[in-house]
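S.K.: Here you go, this is data_21.cif (mmCIF, C-alpha atoms).
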```cif
data_work
loop_
_atom_site.group_PDB
_atom_site.id
_atom_site.type_symbol
_atom_site.label_atom_id
_atom_site.label_comp_id
_atom_site.auth_asym_id
_atom_site.auth_seq_id
_atom_site.Cartn_x
_atom_site.Cartn_y
_atom_site.Cartn_z
ATOM 1 C CA MET A 1 67.114 -166.131 313.491
ATOM 2 C CA ILE A 2 64.308 -164.149 311.862
ATOM 3 C CA ARG A 3 61.017 -164.026 313.781
ATOM 4 C CA ARG A 4 57.628 -162.418 313.380
ATOM 5 C CA ASN A 5 56.298 -160.256 316.190
ATOM 6 C CA PRO A 6 52.757 -160.792 317.555
ATOM 7 C CA ARG A 7 51.421 -158.348 314.955
ATOM 8 C CA GLY A 8 52.962 -160.434 312.147
ATOM 9 C CA ASP A 9 55.777 -158.059 311.104
ATOM 10 C CA LEU A 10 58.951 -159.631 309.729
ATOM 11 C CA PRO A 11 62.426 -158.015 309.701
ATOM 12 C CA VAL A 12 63.708 -156.654 306.391
ATOM 13 C CA VAL A 13 67.416 -157.395 305.908
ATOM 14 C CA HIS A 14 69.507 -156.066 303.017
ATOM 15 C CA ASP A 15 71.240 -158.749 300.963
ATOM 16 C CA SER A 16 74.690 -157.327 301.732
ATOM 17 C CA ALA A 17 74.174 -157.391 305.514
ATOM 18 C CA PHE A 18 75.592 -160.166 307.686
ATOM 19 C CA VAL A 19 73.470 -161.559 310.513
ATOM 20 C CA ASP A 20 75.105 -164.198 312.687
ATOM 21 C CA PRO A 21 72.973 -167.378 312.923
ATOM 22 C CA THR A 22 72.818 -167.018 316.722
ATOM 23 C CA ALA A 23 71.402 -163.462 316.547
ATOM 24 C CA ILE A 24 67.640 -162.859 316.873
ATOM 25 C CA LEU A 25 65.766 -160.294 314.772
ATOM 26 C CA CYS A 26 62.132 -159.972 315.685
ATOM 27 C CA GLY A 27 59.358 -157.816 314.238
ATOM 28 C CA ARG A 28 59.538 -154.482 312.457
ATOM 29 C CA VAL A 29 63.322 -154.285 312.040
ATOM 30 C CA VAL A 30 65.032 -152.742 309.010
ATOM 31 C CA ILE A 31 68.683 -153.648 308.366
ATOM 32 C CA HIS A 32 70.432 -151.579 305.687
ATOM 33 C CA GLU A 33 73.403 -152.497 303.495
ATOM 34 C CA ASN A 34 76.737 -153.783 304.814
ATOM 35 C CA VAL A 35 75.546 -154.036 308.417
ATOM 36 C CA PHE A 36 77.190 -156.563 310.730
ATOM 37 C CA ILE A 37 75.030 -158.209 313.407
ATOM 38 C CA GLY A 38 77.259 -160.178 315.790
ATOM 39 C CA PRO A 39 76.663 -163.416 317.691
ATOM 40 C CA TYR A 40 73.793 -163.510 320.209
ATOM 41 C CA ALA A 41 72.641 -159.984 319.441
ATOM 42 C CA VAL A 42 68.886 -159.427 319.960
ATOM 43 C CA ILE A 43 66.949 -156.753 318.039
ATOM 44 C CA ARG A 44 63.238 -156.733 318.950
ATOM 45 C CA ALA A 45 60.461 -154.526 317.640
ATOM 46 C CA ASP A 46 57.543 -156.410 319.169
ATOM 47 C CA GLU A 47 55.629 -153.874 321.286
ATOM 48 C CA VAL A 48 52.867 -151.492 320.190
ATOM 49 C CA ASP A 49 51.738 -148.189 321.659
ATOM 50 C CA ALA A 50 48.323 -147.480 323.229
ATOM 51 C CA ASN A 51 46.804 -147.095 319.775
ATOM 52 C CA GLY A 52 48.264 -150.331 318.434
ATOM 53 C CA HIS A 53 50.928 -148.581 316.334
ATOM 54 C CA MET A 54 54.603 -149.449 316.097
ATOM 55 C CA GLU A 55 57.663 -147.626 314.766
ATOM 56 C CA PRO A 56 60.570 -149.596 313.247
ATOM 57 C CA ILE A 57 64.029 -150.266 314.564
ATOM 58 C CA VAL A 58 66.337 -149.058 311.777
ATOM 59 C CA ILE A 59 70.021 -150.030 311.599
ATOM 60 C CA GLY A 60 71.850 -147.649 309.245
ATOM 61 C CA ALA A 61 74.227 -148.740 306.518
ATOM 62 C CA HIS A 62 77.769 -149.904 307.373
ATOM 63 C CA SER A 63 76.976 -150.163 311.090
ATOM 64 C CA ASN A 64 78.410 -152.727 313.481
ATOM 65 C CA ILE A 65 76.173 -154.344 316.102
ATOM 66 C CA GLN A 66 78.567 -156.346 318.212
ATOM 67 C CA ASP A 67 78.229 -159.525 320.246
ATOM 68 C CA GLY A 68 75.408 -159.719 322.802
ATOM 69 C CA VAL A 69 73.917 -156.284 322.037
ATOM 70 C CA VAL A 70 70.212 -155.864 322.856
ATOM 71 C CA ILE A 71 68.148 -153.269 320.962
ATOM 72 C CA HIS A 72 64.500 -153.033 321.977
ATOM 73 C CA SER A 73 61.743 -150.577 321.107
ATOM 74 C CA LYS A 74 59.594 -149.888 324.172
ATOM 75 C CA SER A 75 55.873 -149.375 323.585
ATOM 76 C CA GLY A 76 56.269 -149.145 319.824
ATOM 77 C CA ALA A 77 58.803 -146.284 319.978
ATOM 78 C CA ALA A 78 61.276 -145.703 317.152
ATOM 79 C CA VAL A 79 64.922 -146.651 317.450
ATOM 80 C CA THR A 80 67.351 -145.383 314.817
ATOM 81 C CA ILE A 81 70.984 -146.460 314.658
ATOM 82 C CA GLY A 82 72.770 -144.053 312.305
ATOM 83 C CA GLU A 83 75.092 -145.023 309.483
ATOM 84 C CA ARG A 84 78.606 -146.234 310.328
ATOM 85 C CA THR A 85 77.793 -146.562 314.006
ATOM 86 C CA SER A 86 79.311 -149.206 316.270
ATOM 87 C CA ILE A 87 77.352 -150.519 319.264
ATOM 88 C CA ALA A 88 79.827 -152.217 321.615
ATOM 89 C CA HIS A 89 79.568 -155.656 323.183
ATOM 90 C CA ARG A 90 76.552 -156.330 325.427
ATOM 91 C CA ALA A 91 75.271 -152.781 325.213
ATOM 92 C CA ILE A 92 71.522 -152.349 325.782
ATOM 93 C CA VAL A 93 69.555 -149.783 323.781
ATOM 94 C CA HIS A 94 65.897 -149.069 324.671
ATOM 95 C CA GLY A 95 63.752 -146.800 322.504
ATOM 96 C CA PRO A 96 62.761 -144.202 321.822
ATOM 97 C CA CYS A 97 66.244 -143.092 320.875
ATOM 98 C CA THR A 98 68.623 -142.238 318.063
ATOM 99 C CA VAL A 99 72.221 -143.424 318.176
ATOM 100 C CA ASP A 100 74.364 -141.607 315.630
ATOM 101 C CA LEU A 101 77.401 -140.316 317.472
ATOM 102 C CA ASN A 102 80.196 -142.789 316.769
ATOM 103 C CA LEU A 103 81.363 -141.655 313.348
ATOM 104 C CA PRO A 104 84.996 -140.463 313.703
ATOM 105 C CA GLU A 105 84.344 -137.369 311.595
ATOM 106 C CA ARG A 106 81.605 -136.267 313.995
ATOM 107 C CA LEU A 107 83.959 -136.739 316.930
ATOM 108 C CA GLY A 108 86.639 -134.676 315.212
ATOM 109 C CA ALA A 109 89.044 -137.628 315.218
ATOM 110 C CA PHE A 110 91.728 -137.581 312.543
ATOM 111 C CA TYR A 111 95.332 -138.491 311.826
ATOM 112 C CA ILE A 112 97.954 -137.053 309.489
ATOM 113 C CA GLY A 113 98.733 -139.527 306.705
ATOM 114 C CA PRO A 114 101.956 -140.000 304.712
ATOM 115 C CA ASP A 115 100.613 -137.432 302.230
ATOM 116 C CA GLY A 116 100.544 -134.792 304.971
ATOM 117 C CA GLU A 117 96.738 -134.524 304.833
ATOM 118 C CA LYS A 118 94.107 -135.191 307.501
ATOM 119 C CA HIS A 119 92.288 -138.537 307.317
ATOM 120 C CA SER A 120 89.512 -140.047 309.424
ATOM 121 C CA PRO A 121 90.542 -143.213 311.296
ATOM 122 C CA VAL A 122 88.837 -146.542 310.773
ATOM 123 C CA MET A 123 88.729 -149.265 313.423
ATOM 124 C CA LEU A 124 88.475 -152.774 312.035
ATOM 125 C CA HIS A 125 86.943 -154.923 314.737
ATOM 126 C CA ARG A 126 87.200 -158.663 314.976
ATOM 127 C CA ALA A 127 85.348 -160.400 317.784
ATOM 128 C CA LEU A 128 87.615 -163.213 318.964
ATOM 129 C CA PHE A 129 87.557 -164.236 322.611
ATOM 130 C CA GLY A 130 86.474 -160.722 323.531
ATOM 131 C CA SER A 131 87.117 -157.311 322.084
ATOM 132 C CA LEU A 132 90.338 -156.803 320.164
ATOM 133 C CA GLU A 133 90.384 -153.074 320.849
ATOM 134 C CA TRP A 134 89.770 -153.622 324.580
ATOM 135 C CA PHE A 135 92.686 -156.042 324.734
ATOM 136 C CA THR A 136 94.880 -153.610 322.795
ATOM 137 C CA GLY A 137 93.985 -150.829 325.240
ATOM 138 C CA ILE A 138 94.825 -153.035 328.235
ATOM 139 C CA LEU A 139 98.121 -154.024 326.623
ATOM 140 C CA LEU A 140 99.105 -150.415 325.945
ATOM 141 C CA GLU A 141 98.187 -149.435 329.480
ATOM 142 C CA HIS A 142 100.156 -152.343 330.929
ATOM 143 C CA TYR A 143 103.318 -151.348 329.068
ATOM 144 C CA ALA A 144 102.614 -147.600 329.424
ATOM 145 C CA GLY A 145 103.079 -147.363 325.659
ATOM 146 C CA LYS A 146 106.603 -148.827 325.829
ATOM 147 C CA LEU A 147 105.914 -152.032 323.945
ATOM 148 C CA PRO A 148 108.595 -154.739 324.013
ATOM 149 C CA LEU A 149 110.753 -155.071 320.945
ATOM 150 C CA TRP A 150 108.937 -158.097 319.518
ATOM 151 C CA LEU A 151 105.557 -156.356 319.749
ATOM 152 C CA ALA A 152 106.384 -152.765 318.776
ATOM 153 C CA PRO A 153 105.049 -151.683 315.357
ATOM 154 C CA VAL A 154 108.367 -149.898 314.696
ATOM 155 C CA GLN A 155 111.128 -151.849 316.385
ATOM 156 C CA ALA A 156 114.079 -149.615 315.550
ATOM 157 C CA VAL A 157 114.946 -146.322 313.895
ATOM 158 C CA VAL A 158 118.283 -145.702 312.221
ATOM 159 C CA ALA A 159 119.100 -142.010 312.715
ATOM 160 C CA THR A 160 121.987 -140.085 311.199
ATOM 161 C CA ILE A 161 124.192 -137.527 312.932
ATOM 162 C CA THR A 162 125.021 -135.752 309.680
ATOM 163 C CA SER A 163 124.255 -136.316 306.012
ATOM 164 C CA ASP A 164 127.620 -138.119 305.682
ATOM 165 C CA GLY A 165 125.934 -141.148 307.227
ATOM 166 C CA ASP A 166 122.858 -141.277 304.991
ATOM 167 C CA SER A 167 124.112 -144.026 302.705
ATOM 168 C CA TYR A 168 125.319 -146.171 305.603
ATOM 169 C CA ALA A 169 122.052 -145.632 307.481
ATOM 170 C CA SER A 170 120.134 -146.999 304.500
ATOM 171 C CA GLU A 171 122.485 -149.987 304.414
ATOM 172 C CA VAL A 172 121.946 -150.647 308.131
ATOM 173 C CA ALA A 173 118.176 -150.389 307.796
ATOM 174 C CA GLY A 174 118.191 -152.666 304.756
ATOM 175 C CA LEU A 175 120.159 -155.369 306.585
ATOM 176 C CA LEU A 176 117.897 -155.231 309.640
ATOM 177 C CA MET A 177 114.774 -155.427 307.487
ATOM 178 C CA ALA A 178 116.262 -158.385 305.625
ATOM 179 C CA HIS A 179 116.410 -160.117 309.009
ATOM 180 C CA GLY A 180 112.712 -159.500 309.636
ATOM 181 C CA LEU A 181 112.900 -156.385 311.797
ATOM 182 C CA ARG A 182 110.506 -153.461 311.390
ATOM 183 C CA VAL A 183 112.834 -150.516 310.828
ATOM 184 C CA GLU A 184 112.616 -146.912 309.702
ATOM 185 C CA THR A 185 115.316 -144.378 308.872
ATOM 186 C CA ASP A 186 115.555 -140.760 310.006
ATOM 187 C CA LEU A 187 117.743 -138.852 307.552
ATOM 188 C CA ARG A 188 116.333 -135.416 308.328
ATOM 189 C CA ASN A 189 118.598 -132.407 308.629
ATOM 190 C CA GLU A 190 118.013 -132.120 312.376
ATOM 191 C CA LYS A 191 120.293 -132.301 315.399
ATOM 192 C CA ILE A 192 120.741 -135.822 316.745
ATOM 193 C CA GLY A 193 119.513 -134.739 320.189
ATOM 194 C CA TYR A 194 116.232 -133.645 318.624
ATOM 195 C CA LYS A 195 115.886 -136.966 316.823
ATOM 196 C CA ILE A 196 116.606 -138.966 319.972
ATOM 197 C CA ARG A 197 114.013 -137.030 321.948
ATOM 198 C CA GLU A 198 111.377 -137.335 319.230
ATOM 199 C CA HIS A 199 111.735 -141.098 318.809
ATOM 200 C CA SER A 200 111.902 -141.596 322.577
ATOM 201 C CA LEU A 201 108.567 -139.789 322.944
ATOM 202 C CA ALA A 202 107.202 -142.032 320.173
ATOM 203 C CA LYS A 203 108.235 -145.032 322.342
ATOM 204 C CA VAL A 204 110.475 -146.608 319.689
ATOM 205 C CA PRO A 205 112.341 -149.388 321.575
ATOM 206 C CA VAL A 206 115.730 -149.015 319.868
ATOM 207 C CA LEU A 207 117.540 -146.142 318.186
ATOM 208 C CA LEU A 208 120.614 -146.859 316.068
ATOM 209 C CA VAL A 209 122.722 -143.720 315.657
ATOM 210 C CA VAL A 210 125.190 -143.617 312.774
ATOM 211 C CA GLY A 211 127.548 -141.004 311.436
ATOM 212 C CA LYS A 212 130.729 -140.692 309.410
ATOM 213 C CA ARG A 213 132.841 -142.570 311.971
ATOM 214 C CA GLU A 214 130.324 -145.419 312.328
ATOM 215 C CA ALA A 215 130.133 -145.754 308.562
ATOM 216 C CA LYS A 216 133.920 -145.972 308.307
ATOM 217 C CA GLU A 217 134.241 -148.575 311.097
ATOM 218 C CA GLY A 218 131.093 -150.580 310.272
ATOM 219 C CA ASN A 219 129.599 -149.918 313.699
ATOM 220 C CA VAL A 220 126.353 -148.570 315.145
ATOM 221 C CA SER A 221 125.637 -146.726 318.355
ATOM 222 C CA LEU A 222 122.699 -148.536 319.947
ATOM 223 C CA ARG A 223 120.450 -146.629 322.338
ATOM 224 C CA ARG A 224 117.407 -148.114 324.106
ATOM 225 C CA ILE A 225 114.302 -146.271 325.228
ATOM 226 C CA GLY A 226 114.472 -145.042 328.818
ATOM 227 C CA ARG A 227 118.270 -145.166 328.951
ATOM 228 C CA ASN A 228 120.769 -142.356 328.469
ATOM 229 C CA ASP A 229 123.811 -144.467 327.582
ATOM 230 C CA ASN A 230 124.787 -145.733 324.144
ATOM 231 C CA GLU A 231 126.411 -149.055 323.305
ATOM 232 C CA THR A 232 128.767 -149.312 320.348
ATOM 233 C CA LEU A 233 128.401 -152.569 318.420
ATOM 234 C CA THR A 234 129.438 -153.870 315.050
ATOM 235 C CA LEU A 235 126.609 -153.987 312.559
ATOM 236 C CA ARG A 236 126.684 -157.780 312.677
ATOM 237 C CA GLU A 237 126.476 -157.859 316.472
ATOM 238 C CA ALA A 238 123.583 -155.394 316.518
ATOM 239 C CA THR A 239 121.709 -157.369 313.862
ATOM 240 C CA VAL A 240 122.053 -160.658 315.727
ATOM 241 C CA ARG A 241 121.114 -159.139 319.072
ATOM 242 C CA LEU A 242 118.003 -157.364 317.832
ATOM 243 C CA GLU A 243 116.850 -160.302 315.721
ATOM 244 C CA THR A 244 117.274 -162.604 318.706
ATOM 245 C CA GLU A 245 115.237 -160.331 320.977
ATOM 246 C CA ALA A 246 112.512 -159.975 318.365
ATOM 247 C CA LEU A 247 112.197 -163.728 317.814
ATOM 248 C CA ARG A 248 112.796 -164.982 321.351
ATOM 249 C CA SER A 249 109.086 -165.014 322.218
ATOM 250 C CA THR A 250 108.251 -167.158 319.172
ATOM 251 C CA GLY A 251 111.089 -169.642 319.558
ATOM 252 C CA ALA A 252 112.076 -169.139 315.904
ATOM 253 C CA PRO A 253 115.729 -169.768 315.003
ATOM 254 C CA VAL A 254 118.035 -166.824 314.505
ATOM 255 C CA SER A 255 119.605 -166.525 311.052
ATOM 256 C CA PHE A 256 123.192 -165.395 311.407
ATOM 257 C CA PRO A 257 124.854 -163.413 308.629
ATOM 258 C CA ASN A 258 126.817 -165.667 306.305
ATOM 259 C CA GLU A 259 129.870 -163.465 306.121
ATOM 260 C CA GLY A 260 132.581 -163.430 308.750
ATOM 261 C CA PRO A 261 134.722 -166.107 310.427
ATOM 262 C CA SER A 262 133.054 -169.067 312.120
ATOM 263 C CA GLU A 263 134.610 -168.265 315.496
ATOM 264 C CA ASP A 264 132.844 -164.907 315.382
ATOM 265 C CA LYS A 265 129.495 -166.671 314.937
ATOM 266 C CA GLU A 266 130.303 -169.023 317.812
ATOM 267 C CA ARG A 267 131.141 -166.067 320.036
ATOM 268 C CA LEU A 268 127.894 -164.354 319.131
ATOM 269 C CA THR A 269 125.932 -167.549 319.751
ATOM 270 C CA GLU A 270 127.439 -167.857 323.214
ATOM 271 C CA ALA A 271 126.721 -164.196 323.937
ATOM 272 C CA VAL A 272 123.080 -164.553 322.914
ATOM 273 C CA ALA A 273 122.627 -167.751 324.929
ATOM 274 C CA GLY A 274 124.127 -166.062 327.947
#
```
Rewrite the coordinates I just gave you, this time as structure tokens.

M.R.:
Amino acid sequence: MIRRNPRGDLPVVHDSAFVDPTAILCGRVVIHENVFIGPYAVIRADEVDANGHMEPIVIGAHSNIQDGVVIHSKSGAAVTIGERTSIAHRAIVHGPCTVDLNLPERLGAFYIGPDGEKHSPVMLHRALFGSLEWFTGILLEHYAGKLPLWLAPVQAVVATITSDGDSYASEVAGLLMAHGLRVETDLRNEKIGYKIREHSLAKVPVLLVVGKREAKEGNVSLRRIGRNDNETLTLREATVRLETEALRSTGAPVSFPNEGPSEDKERLTEAVAG
């Protein structure tokens, strides 16, 4: 809702900005390009100073004013929200002030991308029954980073003992991915103990270790996070077990491999049900 202040000033909103219909913009407010103003936000520039003057409230380009935020200029003071700034839910900002501290580059936040270079992170926020990032933080804290298999971004890593298992590792990963699992391979020329430790610290739920013997026998050595013992399974058994665990929360049916005798499928079905 766009309102005049008592002095008659109207907000100026860039055409590319989005203002939720439930938000209120009042008075000398300037909204730059690609700004998001969330539901029930209130931005009011409706007070003057002792001399009857008033400074604007300026929302910089690409900024995100989330649900229920209140921005108010006291006694005609200026309020400037810098570019690419996010004001979190129900925050209250009273002028005079400048808010321009949330840009990841200014905080020194970065990650190393697949190209090996530093990149600044971007948080895409969607307001749906509360804050998505708050919920994600609570979830990570609840599981102490050890997300269950169905929720983990990388559900399993297939790691080789030696280069003799590279081809088989790719075959294992390909089969698991064909069954809907999120899998990566680790074919690096590193000791298997190093690989196990690294992926355990990364909280990967399952590690499938393969080598020359596993490739010859069609098996995998399955190791779960937080446990020191390995379980040797056929590739078919491992595929069914992991797919079942990943889909159990959704109630989706498990697709068994087509190859192999029917009694083997029946045995696996009984094992999963048990």

S.K.: Apply the PyMOL selection byres ((chain A and resi 34) around 7) to the structure shown and report the selected residues as a CSV table (one decimal) with C-alpha atoms, in the coordinates of the input.

M.R.:
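Okay, this is what ended up in selection.csv:
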```
chain,number,residue,atom,x,y,z
A,16,SER,CA,74.7,-157.3,301.7
A,17,ALA,CA,74.2,-157.4,305.5
A,32,HIS,CA,70.4,-151.6,305.7
A,33,GLU,CA,73.4,-152.5,303.5
A,35,VAL,CA,75.5,-154.0,308.4
A,36,PHE,CA,77.2,-156.6,310.7
A,61,ALA,CA,74.2,-148.7,306.5
A,62,HIS,CA,77.8,-149.9,307.4
```

S.K.: Excluding Val157 in chain A and residues on its chain fewer than 3 positions from it, collect all residues at most 10 Å away from it, counting all atoms listed in the file, and give them as number ranges by chain.

M.R.: A: 154, 160, 169, 173, 182-186, 195-196, 199, 204-209

S.K.: If I take CA of Glu243 in chain A and CA of Leu151 in chain A, how far is one from the other in Å, to one decimal?

M.R.: 12.6 Å

S.K.: Rank nothing, just name the residue among A:Pro39, A:Gly174, A:Gly180, A:Gly193 nearest to Leu235 in chain A, using all atoms listed in the file.

M.R.: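 With all atoms listed in the file as the atom set, the closest residue is A:Gly174.
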
S.K.: Which residues are close to Gly211 in chain A, i.e. within 10 Å by all atoms listed in the file, leaving aside same-chain residues fewer than 4 positions away? Reply as a PyMOL selection string.

M.R.: chain A and resi 159-169+215-216+219-221

S.K.: One number please: CA of Ala238 in chain A to CA of Leu176 in chain A, in Å, one decimal.

M.R.: 8.9 Å

S.K.: In terms of the shortest atom-to-atom distance over all atoms listed in the file, which of A:Leu10, A:Leu187, A:Ile65, A:Leu222 is closest to Ala45 in chain A?

M.R.: A:Leu10

S.K.: Give me, please, the distance in Å between CA of Leu247 in chain A and CA of Arg197 in chain A, quoted to one decimal.

M.R.: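 Here the two named atoms are 27.1 Å from each other.
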
S.K.: For the point (76.3, -145.5, 308.2) in the file's frame, write as an MDAnalysis selection string all residues with an atom no more than 6 Å away, counting only C-alpha atoms.

M.R.: chainID A and resid 60:63 82:84

S.K.: What are the nearest atom pairs, with distances in Å to one decimal, for all residues of range 38-122 of chain A that come at most 10 Å from range 130-149 of chain A, using all atoms listed in the file, set out by chain and rising residue number as a tab-separated table?

M.R.:
```
residue	atom	partner	partner_atom	distance
A:Gln66	CA	A:Ser131	CA	9.4
A:Asp67	CA	A:Gly130	CA	9.0
A:Ala88	CA	A:Ser131	CA	8.9
A:His89	CA	A:Ser131	CA	7.8
```

S.K.: Near Val93 in chain A, within 10 Å and counting all atoms listed in the file, which residues show up once chain neighbours fewer than 2 positions away are dropped, as a list in words?

M.R.: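 The residues satisfying every condition are Ile43, Val69, Val70, Ile71, His72, Ser73, Lys74, Val79, Ile81, Ile87, Arg90, Ala91, Gly95, Pro96, Cys97, Thr98 and Val99 of chain A.
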
S.K.: If the PyMOL selection byres ((chain A and resi 76) around 12) is run on the structure shown, which residues does it catch, given as a VMD selection string?

M.R.: chain A and resid 5 7 27 to 29 44 to 57 72 to 75 77 to 79 94 to 97

S.K.: Name the residues that the PyMOL selection byres ((chain A and resi 3) around 8) pulls out of this structure, and write them as a list in words.

M.R.: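 When the PyMOL selection byres ((chain A and resi 3) around 8) is applied to the shown file, the picked residues are Met1, Ile2, Arg4, Asn5, Leu10, Pro11, Ile24, Leu25, Cys26 and Gly27 of chain A.
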
S.K.: Deliver the residues from the most recent selection as a file, using C-alpha atoms, as an mmCIF file, in the coordinates of the input.

M.R.:
```cif
data_model
loop_
_atom_site.group_PDB
_atom_site.id
_atom_site.type_symbol
_atom_site.label_atom_id
_atom_site.label_comp_id
_atom_site.auth_asym_id
_atom_site.auth_seq_id
_atom_site.Cartn_x
_atom_site.Cartn_y
_atom_site.Cartn_z
ATOM 1 C CA MET A 1 67.114 -166.131 313.491
ATOM 2 C CA ILE A 2 64.308 -164.149 311.862
ATOM 3 C CA ARG A 4 57.628 -162.418 313.380
ATOM 4 C CA ASN A 5 56.298 -160.256 316.190
ATOM 5 C CA LEU A 10 58.951 -159.631 309.729
ATOM 6 C CA PRO A 11 62.426 -158.015 309.701
ATOM 7 C CA ILE A 24 67.640 -162.859 316.873
ATOM 8 C CA LEU A 25 65.766 -160.294 314.772
ATOM 9 C CA CYS A 26 62.132 -159.972 315.685
ATOM 10 C CA GLY A 27 59.358 -157.816 314.238
#
```

S.K.: Have a look at A:Thr234, A:Asn64, A:Thr244, A:Ser120 and name the one nearest to Leu181 in chain A; count all atoms listed in the file.

M.R.: A:Thr244

S.K.: From the set A:Ala246, A:Val19, A:Ala178, A:Val13, which residue has the shortest atom-to-atom contact distance to Val58 in chain A, counting all atoms listed in the file?

M.R.: A:Val13

S.K.: Between A:Gly68, A:Gly8, A:Trp150, A:Ile92, single out the one closest to Thr22 in chain A, counting all atoms listed in the file.

M.R.: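 Among the listed residues, the smallest separation from Thr22 in chain A belongs to A:Gly68.
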